[in-house]
file upload_9.cif (mmCIF, C-alpha atoms)
data_upload
loop_
_atom_site.label_atom_id
_atom_site.label_comp_id
_atom_site.auth_asym_id
_atom_site.auth_seq_id
_atom_site.Cartn_x
_atom_site.Cartn_y
_atom_site.Cartn_z
CA MET A 1 80.13 140.79 116.92
CA ALA A 2 77.11 142.21 115.09
CA LYS A 3 76.39 141.76 111.39
CA GLN A 4 75.14 145.07 110.01
CA THR A 5 73.08 145.33 106.85
CA ILE A 6 70.89 147.91 105.20
CA GLU A 7 67.62 146.23 104.29
CA ASN A 8 65.16 147.74 101.86
CA ASP A 9 61.69 147.45 100.35
CA ILE A 10 62.65 148.47 96.82
CA ARG A 11 61.09 145.38 95.26
CA LYS A 12 57.73 145.94 97.04
CA LEU A 13 57.75 149.64 96.18
CA ARG A 14 58.53 148.90 92.54
CA PHE A 15 55.51 146.64 92.24
CA ALA A 16 53.36 149.17 94.09
CA LYS A 17 54.42 151.80 91.55
CA GLY A 18 52.82 150.17 88.53
CA GLU A 19 55.13 147.13 88.37
CA MET A 20 58.15 149.24 87.55
CA THR A 21 61.02 147.12 86.22
CA GLN A 22 64.56 147.12 87.60
CA ALA A 23 65.79 148.60 84.33
CA GLN A 24 63.26 151.45 84.52
CA LEU A 25 64.21 152.30 88.10
CA ALA A 26 67.91 152.07 87.20
CA ALA A 27 67.43 154.50 84.31
CA VAL A 28 65.51 157.00 86.46
CA VAL A 29 68.04 157.05 89.33
CA GLY A 30 71.07 156.85 87.02
CA VAL A 31 72.65 153.52 87.91
CA THR A 32 73.01 150.16 86.17
CA ARG A 33 70.39 147.40 86.48
CA GLN A 34 73.00 145.26 88.26
CA THR A 35 73.20 147.87 91.02
CA ILE A 36 69.42 147.73 91.57
CA LEU A 37 69.63 143.92 91.55
CA SER A 38 72.41 144.07 94.12
CA LEU A 39 70.50 146.57 96.27
CA GLU A 40 67.39 144.40 96.30
CA ALA A 41 69.48 141.42 97.38
CA CYS A 42 70.89 143.57 100.23
CA LYS A 43 74.40 142.89 98.93
CA TYR A 44 75.24 146.54 98.33
CA SER A 45 74.67 149.58 100.56
CA PRO A 46 73.89 152.68 98.49
CA SER A 47 75.36 156.13 98.95
CA LEU A 48 73.14 158.64 100.74
CA GLU A 49 72.60 160.44 97.43
CA LEU A 50 71.38 157.29 95.66
CA ALA A 51 69.18 156.36 98.62
CA PHE A 52 67.48 159.79 98.47
CA ARG A 53 67.07 159.53 94.69
CA ILE A 54 65.33 156.15 95.06
CA ALA A 55 63.05 157.46 97.83
CA THR A 56 62.17 160.46 95.64
CA VAL A 57 61.17 158.19 92.75
CA PHE A 58 58.75 156.28 95.02
CA GLU A 59 57.59 159.54 96.66
CA VAL A 60 58.09 158.15 100.17
CA PRO A 61 60.42 159.12 103.04
CA LEU A 62 63.88 157.54 103.11
CA GLU A 63 63.11 155.37 106.14
CA ARG A 64 60.18 153.82 104.27
CA VAL A 65 62.63 152.43 101.69
CA PHE A 66 65.72 151.63 103.77
CA ARG A 67 66.20 150.44 107.34
CA PHE A 68 69.29 149.59 109.31
CA SER A 69 69.53 146.09 110.74
CA ALA A 70 72.09 144.65 113.12
CA THR A 71 72.02 140.99 114.11
CA GLU A 72 74.25 139.58 116.82
CA LEU A 73 76.68 136.85 115.75
CA ASP A 74 78.26 134.34 118.16
CA MET B 1 74.15 134.05 85.98
CA ASP B 2 73.32 137.74 85.41
CA ILE B 3 76.58 139.20 84.12
CA SER B 4 77.03 142.79 82.94
CA ALA B 5 79.03 143.90 79.89
CA ARG B 6 81.60 145.48 82.21
CA GLU B 7 82.07 142.22 84.14
CA LYS B 8 82.35 140.30 80.88
CA ASN B 9 85.07 142.68 79.69
CA ILE B 10 87.03 142.17 82.91
CA TRP B 11 86.82 138.38 82.35
CA LEU B 12 88.16 138.81 78.80
CA GLU B 13 90.93 141.14 80.02
CA LEU B 14 91.94 138.55 82.65
CA LEU B 15 91.93 135.66 80.17
CA ILE B 16 94.00 137.61 77.62
CA THR B 17 96.52 138.69 80.30
CA ILE B 18 96.97 135.13 81.58
CA GLY B 19 97.10 133.61 78.07
CA ILE B 20 99.66 136.08 76.74
CA SER B 21 101.79 135.87 79.89
CA VAL B 22 101.87 132.07 79.84
CA TYR B 23 102.88 132.12 76.14
CA TYR B 24 105.57 134.78 76.68
CA PHE B 25 107.20 133.17 79.71
CA PHE B 26 106.99 129.66 78.25
CA LYS B 27 108.69 130.77 75.01
CA THR B 28 111.26 132.92 76.80
CA TYR B 29 112.16 130.13 79.20
CA GLN B 30 112.57 127.73 76.25
CA LEU B 31 115.08 130.11 74.64
CA ASN B 32 117.83 130.38 77.17
CA GLY B 33 116.62 130.28 80.74
CA TRP B 34 115.32 133.88 80.66
CA SER B 35 118.69 135.55 80.27
CA GLU B 36 119.06 135.92 76.46
CA VAL B 37 117.08 139.11 75.98
CA ALA B 38 118.76 140.79 73.01
CA SER B 39 118.67 137.86 70.58
CA VAL B 40 116.83 137.42 67.28
CA GLU B 41 114.63 134.67 68.78
CA MET B 42 113.67 136.96 71.62
CA GLY B 43 112.68 139.61 69.10
CA LEU B 44 110.47 137.05 67.35
CA VAL B 45 108.82 136.07 70.64
CA VAL B 46 108.05 139.72 71.41
CA ARG B 47 106.67 140.23 67.88
CA ASN B 48 104.46 137.13 68.23
CA VAL B 49 103.23 138.25 71.65
CA ILE B 50 102.14 141.63 70.23
CA PHE B 51 100.47 139.98 67.23
CA ILE B 52 98.66 137.34 69.32
CA ALA B 53 97.54 139.98 71.87
CA ILE B 54 95.96 142.11 69.13
CA VAL B 55 94.31 139.15 67.34
CA ALA B 56 93.05 137.57 70.60
CA THR B 57 91.63 140.90 71.80
CA VAL B 58 89.79 141.53 68.51
CA ILE B 59 88.42 137.96 68.26
CA LEU B 60 87.36 137.61 71.93
CA TYR B 61 85.75 141.05 72.14
CA THR B 62 83.90 140.49 68.84
CA LEU B 63 82.61 137.09 69.96
CA PHE B 64 81.73 137.73 73.60
CA SER B 65 81.33 141.46 74.16
CA ARG B 66 78.59 142.56 71.79
CA GLN B 67 76.45 144.66 74.11
CA PRO B 68 77.81 148.17 74.80
CA GLU B 69 79.18 148.92 78.24
CA GLU B 70 76.88 151.10 80.37
CA ASP B 71 78.17 154.26 82.04
CA GLU B 72 79.99 153.68 85.31
CA ASP B 73 77.82 154.14 88.40
CA GLU B 74 78.83 154.40 92.09
CA ARG B 75 78.98 150.60 92.55
CA ASP B 76 81.27 150.19 89.51
CA LYS B 77 83.53 152.99 90.81
CA LEU B 78 83.69 151.38 94.26
CA ILE B 79 84.58 147.97 92.80
CA LYS B 80 87.17 149.54 90.48
CA ALA B 81 88.74 151.32 93.47
CA LYS B 82 88.87 148.06 95.44
CA GLY B 83 90.66 146.37 92.53
CA ASN B 84 93.13 149.25 92.23
CA VAL B 85 93.91 149.20 95.97
CA CYS B 86 94.64 145.44 95.91
CA ALA B 87 96.74 145.86 92.74
CA TYR B 88 98.66 148.70 94.41
CA TYR B 89 99.51 146.53 97.44
CA CYS B 90 100.56 143.67 95.16
CA LEU B 91 102.84 145.92 93.06
CA THR B 92 104.32 147.54 96.17
CA LEU B 93 105.07 144.13 97.67
CA CYS B 94 106.75 142.94 94.46
CA CYS B 95 108.79 146.16 94.20
CA VAL B 96 109.90 145.90 97.84
CA PHE B 97 110.98 142.32 97.17
CA LEU B 98 112.94 143.27 94.03
CA VAL B 99 114.53 146.39 95.52
CA GLY B 100 115.32 144.41 98.67
CA HIS B 101 117.05 141.78 96.56
CA ILE B 102 119.14 144.43 94.75
CA PHE B 103 119.93 146.17 98.04
CA ILE B 104 121.14 143.00 99.75
CA ASN B 105 123.27 141.89 96.80
CA GLU B 106 124.62 145.16 95.40
CA ILE B 107 124.60 147.88 98.03
CA SER B 108 124.72 146.42 101.52
CA MET B 109 127.85 144.98 103.05
CA LEU B 110 126.04 141.93 104.41
CA PRO B 111 128.19 138.78 104.39
CA SER B 112 125.37 136.49 103.25
CA ARG B 113 123.93 137.13 99.79
CA LEU B 114 120.90 136.00 97.84
CA PRO B 115 121.36 134.05 94.57
CA GLU B 116 122.86 136.28 91.86
CA VAL B 117 120.49 137.40 89.10
CA ASP B 118 121.37 139.39 86.00
CA GLY B 119 119.56 142.42 84.60
CA ALA B 120 117.54 140.39 82.09
CA PHE B 121 116.25 138.04 84.77
CA LEU B 122 115.37 141.02 86.95
CA ALA B 123 113.46 142.57 84.03
CA HIS B 124 111.48 139.35 83.69
CA LEU B 125 110.74 139.36 87.42
CA LEU B 126 109.38 142.90 86.96
CA LEU B 127 107.21 141.67 84.07
CA ILE B 128 105.88 138.87 86.29
CA ALA B 129 105.12 141.48 88.97
CA LEU B 130 103.17 143.57 86.45
CA MET B 131 101.27 140.52 85.23
CA LEU B 132 100.50 139.47 88.80
CA THR B 133 99.27 142.99 89.56
CA GLU B 134 96.92 142.89 86.57
CA VAL B 135 95.60 139.46 87.59
CA VAL B 136 95.06 140.60 91.20
CA LYS B 137 93.21 143.71 89.97
CA SER B 138 90.87 141.80 87.64
CA SER B 139 90.27 138.96 90.13
CA THR B 140 89.44 141.38 92.97
CA GLN B 141 86.97 143.20 90.73
CA LEU B 142 85.33 139.95 89.61
CA VAL B 143 84.98 138.71 93.20
CA ALA B 144 83.57 142.10 94.26
CA TYR B 145 81.01 142.06 91.43
CA ARG B 146 79.74 138.68 92.65
CA LYS B 147 79.89 139.64 96.34
CA HIS B 148 78.32 143.14 96.18
#
call {"tool": "encode", "arguments": {"input": "upload_9.cif", "output": "structure tokens"}}
result
Amino acid sequence: MAKQTIENDIRKLRFAKGEMTQAQLAAVVGVTRQTILSLEACKYSPSLELAFRIATVFEVPLERVFRFSATELD
Amino acid sequence: MDISAREKNIWLELLITIGISVYYFFKTYQLNGWSEVASVEMGLVVRNVIFIAIVATVILYTLFSRQPEEDEDERDKLIKAKGNVCAYYCLTLCCVFLVGHIFINEISMLPSRLPEVDGAFLAHLLLIALMLTEVVKSSTQLVAYRKH
């Protein structure tokens, strides 16, 4: 069985964009800070709409922010 | 632990539900084994429950829920939906159990019967089912907030 997660570089991109805080990013994309926190910890997979909104904020393509990862479990 | 205002409110809701339910069932059981519904004492218990629920809600929310709740986002809606689905299954299960009990004892012609229960006891079982549903809903949401 494979464990599937959506990994992301939100934290890196935030710091690259003038050390943007989680609260600032949350306000711009219209979610709570807890959701950004959860996304960065790879605990929550965003909707396609939210993923595009985040990519738009960082002015990068979607695949630069999110990537799909599947690891095989025994 | 980073806890949002919404999560804090669910904790308070859960604590109040459990506290009030424990008080109600403890007092009702002390009265007359859950069957004396239309008595003066029962009326007093119900009055106290309403009073305590209002006072506890005001005090707990004033003390622990000072920051305003943010608008619901997609994660909150997903977690709320998960809680509602679990609560729905719990309520359905309880209703099937209660209706099944009534069916076996009152309607069906089965030779073996379950222990007899009166209307008041059945009403209390329904109250327990509602309380259980509320607890399942809040607990599922709290677990989901920590997990996702």
call {"tool": "closest_residue", "arguments": {"input": "upload_9.cif", "among": "B:Phe64, B:Asp73, B:Ile20, B:Arg146", "to": "chain A", "atoms": "only C-alpha atoms"}}
result
B:Asp73
call {"tool": "closest_atom_pairs", "arguments": {"input": "upload_9.cif", "of": "chain B", "to": "chain A", "cutoff": "8 Å", "atoms": "all atoms listed in the file", "output": "CSV"}}
result
residue,atom,partner,partner_atom,distance
B:Ser4,CA,A:Gln34,CA,7.1
B:Glu70,CA,A:Thr32,CA,7.0
B:Asp71,CA,A:Thr32,CA,7.8
B:Glu72,CA,A:Val31,CA,7.8
B:Asp73,CA,A:Val31,CA,5.2
B:Glu74,CA,A:Val31,CA,7.5
B:Arg75,CA,A:Thr35,CA,6.6
B:Lys147,CA,A:Lys43,CA,6.9
B:His148,CA,A:Lys43,CA,4.8
call {"tool": "write_last_selection", "arguments": {"input": "upload_9.cif", "atoms": "C-alpha atoms", "output": "compact mmCIF listing (two decimals), keeping the file's coordinate frame"}}
result
# COMPACT_ATOMS: atom_id res chain seq x y z
CA SER B 4 77.03 142.79 82.94
CA GLU B 70 76.88 151.10 80.37
CA ASP B 71 78.17 154.26 82.04
CA GLU B 72 79.99 153.68 85.31
CA ASP B 73 77.82 154.14 88.40
CA GLU B 74 78.83 154.40 92.09
CA ARG B 75 78.98 150.60 92.55
CA LYS B 147 79.89 139.64 96.34
CA HIS B 148 78.32 143.14 96.18
call {"tool": "resolve_selection", "arguments": {"input": "upload_9.cif", "expression": "the PyMOL selection byres ((chain B and resi 139) around 10)", "output": "list of chain:residue names"}}
result
B:Ile10, B:Trp11, B:Leu14, B:Gly83, B:Cys86, B:Ala87, B:Thr133, B:Glu134, B:Val135, B:Val136, B:Lys137, B:Ser138, B:Thr140, B:Gln141, B:Leu142, B:Val143, B:Ala144, B:Tyr145
call {"tool": "write_last_selection", "arguments": {"input": "upload_9.cif", "atoms": "C-alpha atoms", "output": "compact mmCIF listing (two decimals), in the frame of the given file"}}
result
# COMPACT_ATOMS: atom_id res chain seq x y z
CA ILE B 10 87.03 142.17 82.91
CA TRP B 11 86.82 138.38 82.35
CA LEU B 14 91.94 138.55 82.65
CA GLY B 83 90.66 146.37 92.53
CA CYS B 86 94.64 145.44 95.91
CA ALA B 87 96.74 145.86 92.74
CA THR B 133 99.27 142.99 89.56
CA GLU B 134 96.92 142.89 86.57
CA VAL B 135 95.60 139.46 87.59
CA VAL B 136 95.06 140.60 91.20
CA LYS B 137 93.21 143.71 89.97
CA SER B 138 90.87 141.80 87.64
CA THR B 140 89.44 141.38 92.97
CA GLN B 141 86.97 143.20 90.73
CA LEU B 142 85.33 139.95 89.61
CA VAL B 143 84.98 138.71 93.20
CA ALA B 144 83.57 142.10 94.26
CA TYR B 145 81.01 142.06 91.43
call {"tool": "closest_residue", "arguments": {"input": "upload_9.cif", "among": "A:Ala2, A:Ala23, A:Ile36, A:Ala16", "to": "Ala51 of chain A", "atoms": "all atoms listed in the file"}}
result
A:Ile36
call {"tool": "atom_distance", "arguments": {"input": "upload_9.cif", "atom1": "atom CA of Glu19 of chain A", "atom2": "atom CA of Lys8 of chain B"}}
result
29.0 Å
call {"tool": "resolve_selection", "arguments": {"input": "upload_9.cif", "expression": "the PyMOL selection byres ((chain A and resi 62-71) around 12)", "output": "short mmCIF file (atom, residue, chain, number, x, y, z; two decimals) with C-alpha atoms, in the coordinates of the input"}}
result
data_model
loop_
_atom_site.label_atom_id
_atom_site.label_comp_id
_atom_site.auth_asym_id
_atom_site.auth_seq_id
_atom_site.Cartn_x
_atom_site.Cartn_y
_atom_site.Cartn_z
CA MET A 1 80.13 140.79 116.92
CA ALA A 2 77.11 142.21 115.09
CA LYS A 3 76.39 141.76 111.39
CA GLN A 4 75.14 145.07 110.01
CA THR A 5 73.08 145.33 106.85
CA ILE A 6 70.89 147.91 105.20
CA GLU A 7 67.62 146.23 104.29
CA ASN A 8 65.16 147.74 101.86
CA ASP A 9 61.69 147.45 100.35
CA ILE A 10 62.65 148.47 96.82
CA ARG A 11 61.09 145.38 95.26
CA LYS A 12 57.73 145.94 97.04
CA LEU A 13 57.75 149.64 96.18
CA ARG A 14 58.53 148.90 92.54
CA LEU A 39 70.50 146.57 96.27
CA GLU A 40 67.39 144.40 96.30
CA CYS A 42 70.89 143.57 100.23
CA SER A 45 74.67 149.58 100.56
CA PRO A 46 73.89 152.68 98.49
CA SER A 47 75.36 156.13 98.95
CA LEU A 48 73.14 158.64 100.74
CA GLU A 49 72.60 160.44 97.43
CA LEU A 50 71.38 157.29 95.66
CA ALA A 51 69.18 156.36 98.62
CA PHE A 52 67.48 159.79 98.47
CA ARG A 53 67.07 159.53 94.69
CA ILE A 54 65.33 156.15 95.06
CA ALA A 55 63.05 157.46 97.83
CA THR A 56 62.17 160.46 95.64
CA VAL A 57 61.17 158.19 92.75
CA PHE A 58 58.75 156.28 95.02
CA GLU A 59 57.59 159.54 96.66
CA VAL A 60 58.09 158.15 100.17
CA PRO A 61 60.42 159.12 103.04
CA GLU A 72 74.25 139.58 116.82
CA LEU A 73 76.68 136.85 115.75
CA ASP A 74 78.26 134.34 118.16
#
call {"tool": "atom_distance", "arguments": {"input": "upload_9.cif", "atom1": "atom CA of Met131 of chain B", "atom2": "atom CA of Glu7 of chain B"}}
result
19.3 Å
call {"tool": "atom_distance", "arguments": {"input": "upload_9.cif", "atom1": "atom CA of Ile107 of chain B", "atom2": "atom CA of Cys94 of chain B"}}
result
18.9 Å
call {"tool": "build_atoms", "arguments": {"input": "upload_9.cif", "residues": "segment 37-67 of chain A", "atoms": "N, CA and C atoms", "output": "mmCIF file, keeping the file's coordinate frame"}}
result
data_model
loop_
_atom_site.group_PDB
_atom_site.id
_atom_site.type_symbol
_atom_site.label_atom_id
_atom_site.label_comp_id
_atom_site.auth_asym_id
_atom_site.auth_seq_id
_atom_site.Cartn_x
_atom_site.Cartn_y
_atom_site.Cartn_z
ATOM 1 N N LEU A 37 69.691 145.353 91.217
ATOM 2 C CA LEU A 37 69.630 143.920 91.550
ATOM 3 C C LEU A 37 70.378 143.646 92.860
ATOM 4 N N SER A 38 71.560 144.237 92.952
ATOM 5 C CA SER A 38 72.410 144.070 94.120
ATOM 6 C C SER A 38 71.795 144.725 95.367
ATOM 7 N N LEU A 39 71.165 145.878 95.161
ATOM 8 C CA LEU A 39 70.500 146.570 96.270
ATOM 9 C C LEU A 39 69.347 145.728 96.815
ATOM 10 N N GLU A 40 68.548 145.201 95.900
ATOM 11 C CA GLU A 40 67.390 144.400 96.300
ATOM 12 C C GLU A 40 67.801 143.135 97.055
ATOM 13 N N ALA A 41 68.972 142.622 96.703
ATOM 14 C CA ALA A 41 69.480 141.420 97.380
ATOM 15 C C ALA A 41 70.201 141.769 98.679
ATOM 16 N N CYS A 42 70.206 143.051 99.032
ATOM 17 C CA CYS A 42 70.890 143.570 100.230
ATOM 18 C C CYS A 42 72.390 143.248 100.230
ATOM 19 N N LYS A 43 72.959 143.174 99.030
ATOM 20 C CA LYS A 43 74.400 142.890 98.930
ATOM 21 C C LYS A 43 75.200 144.190 98.868
ATOM 22 N N TYR A 44 74.543 145.264 98.505
ATOM 23 C CA TYR A 44 75.240 146.540 98.330
ATOM 24 C C TYR A 44 74.509 147.643 99.092
ATOM 25 N N SER A 45 75.254 148.446 99.846
ATOM 26 C CA SER A 45 74.670 149.580 100.560
ATOM 27 C C SER A 45 74.853 150.833 99.716
ATOM 28 N N PRO A 46 73.762 151.525 99.384
ATOM 29 C CA PRO A 46 73.890 152.680 98.490
ATOM 30 C C PRO A 46 74.469 153.906 99.186
ATOM 31 N N SER A 47 74.922 154.850 98.388
ATOM 32 C CA SER A 47 75.360 156.130 98.950
ATOM 33 C C SER A 47 74.106 156.872 99.396
ATOM 34 N N LEU A 48 74.283 157.858 100.239
ATOM 35 C CA LEU A 48 73.140 158.640 100.740
ATOM 36 C C LEU A 48 72.403 159.297 99.568
ATOM 37 N N GLU A 49 73.182 159.770 98.601
ATOM 38 C CA GLU A 49 72.600 160.440 97.430
ATOM 39 C C GLU A 49 71.691 159.492 96.638
ATOM 40 N N LEU A 50 72.178 158.272 96.406
ATOM 41 C CA LEU A 50 71.380 157.290 95.660
ATOM 42 C C LEU A 50 70.135 156.891 96.453
ATOM 43 N N ALA A 51 70.311 156.732 97.769
ATOM 44 C CA ALA A 51 69.180 156.360 98.620
ATOM 45 C C ALA A 51 68.083 157.430 98.529
ATOM 46 N N PHE A 52 68.462 158.701 98.579
ATOM 47 C CA PHE A 52 67.480 159.790 98.470
ATOM 48 C C PHE A 52 66.823 159.809 97.091
ATOM 49 N N ARG A 53 67.629 159.536 96.057
ATOM 50 C CA ARG A 53 67.070 159.530 94.690
ATOM 51 C C ARG A 53 66.009 158.441 94.550
ATOM 52 N N ILE A 54 66.287 157.264 95.138
ATOM 53 C CA ILE A 54 65.330 156.150 95.060
ATOM 54 C C ILE A 54 64.050 156.502 95.829
ATOM 55 N N ALA A 55 64.224 157.066 97.027
ATOM 56 C CA ALA A 55 63.050 157.460 97.830
ATOM 57 C C ALA A 55 62.217 158.502 97.089
ATOM 58 N N THR A 56 62.879 159.409 96.403
ATOM 59 C CA THR A 56 62.170 160.460 95.640
ATOM 60 C C THR A 56 61.345 159.850 94.517
ATOM 61 N N VAL A 57 61.898 158.845 93.850
ATOM 62 C CA VAL A 57 61.170 158.190 92.750
ATOM 63 C C VAL A 57 59.863 157.571 93.282
ATOM 64 N N PHE A 58 59.946 156.938 94.457
ATOM 65 C CA PHE A 58 58.750 156.280 95.020
ATOM 66 C C PHE A 58 57.856 157.253 95.812
ATOM 67 N N GLU A 59 58.335 158.491 95.938
ATOM 68 C CA GLU A 59 57.590 159.540 96.660
ATOM 69 C C GLU A 59 57.257 159.120 98.089
ATOM 70 N N VAL A 60 58.240 158.552 98.767
ATOM 71 C CA VAL A 60 58.090 158.150 100.170
ATOM 72 C C VAL A 60 59.320 158.624 100.946
ATOM 73 N N PRO A 61 59.222 158.728 102.290
ATOM 74 C CA PRO A 61 60.420 159.120 103.040
ATOM 75 C C PRO A 61 61.505 158.034 102.979
ATOM 76 N N LEU A 62 62.728 158.454 103.213
ATOM 77 C CA LEU A 62 63.880 157.540 103.110
ATOM 78 C C LEU A 62 63.719 156.288 103.976
ATOM 79 N N GLU A 63 63.222 156.493 105.209
ATOM 80 C CA GLU A 63 63.110 155.370 106.140
ATOM 81 C C GLU A 63 62.025 154.355 105.730
ATOM 82 N N ARG A 64 61.182 154.758 104.781
ATOM 83 C CA ARG A 64 60.180 153.820 104.270
ATOM 84 C C ARG A 64 60.842 152.857 103.271
ATOM 85 N N VAL A 65 61.925 153.287 102.673
ATOM 86 C CA VAL A 65 62.630 152.430 101.690
ATOM 87 C C VAL A 65 63.750 151.628 102.355
ATOM 88 N N PHE A 66 64.558 152.289 103.149
ATOM 89 C CA PHE A 66 65.720 151.630 103.770
ATOM 90 C C PHE A 66 65.595 151.576 105.288
ATOM 91 N N ARG A 67 66.095 150.503 105.872
ATOM 92 C CA ARG A 67 66.200 150.440 107.340
ATOM 93 C C ARG A 67 67.477 149.700 107.715
#
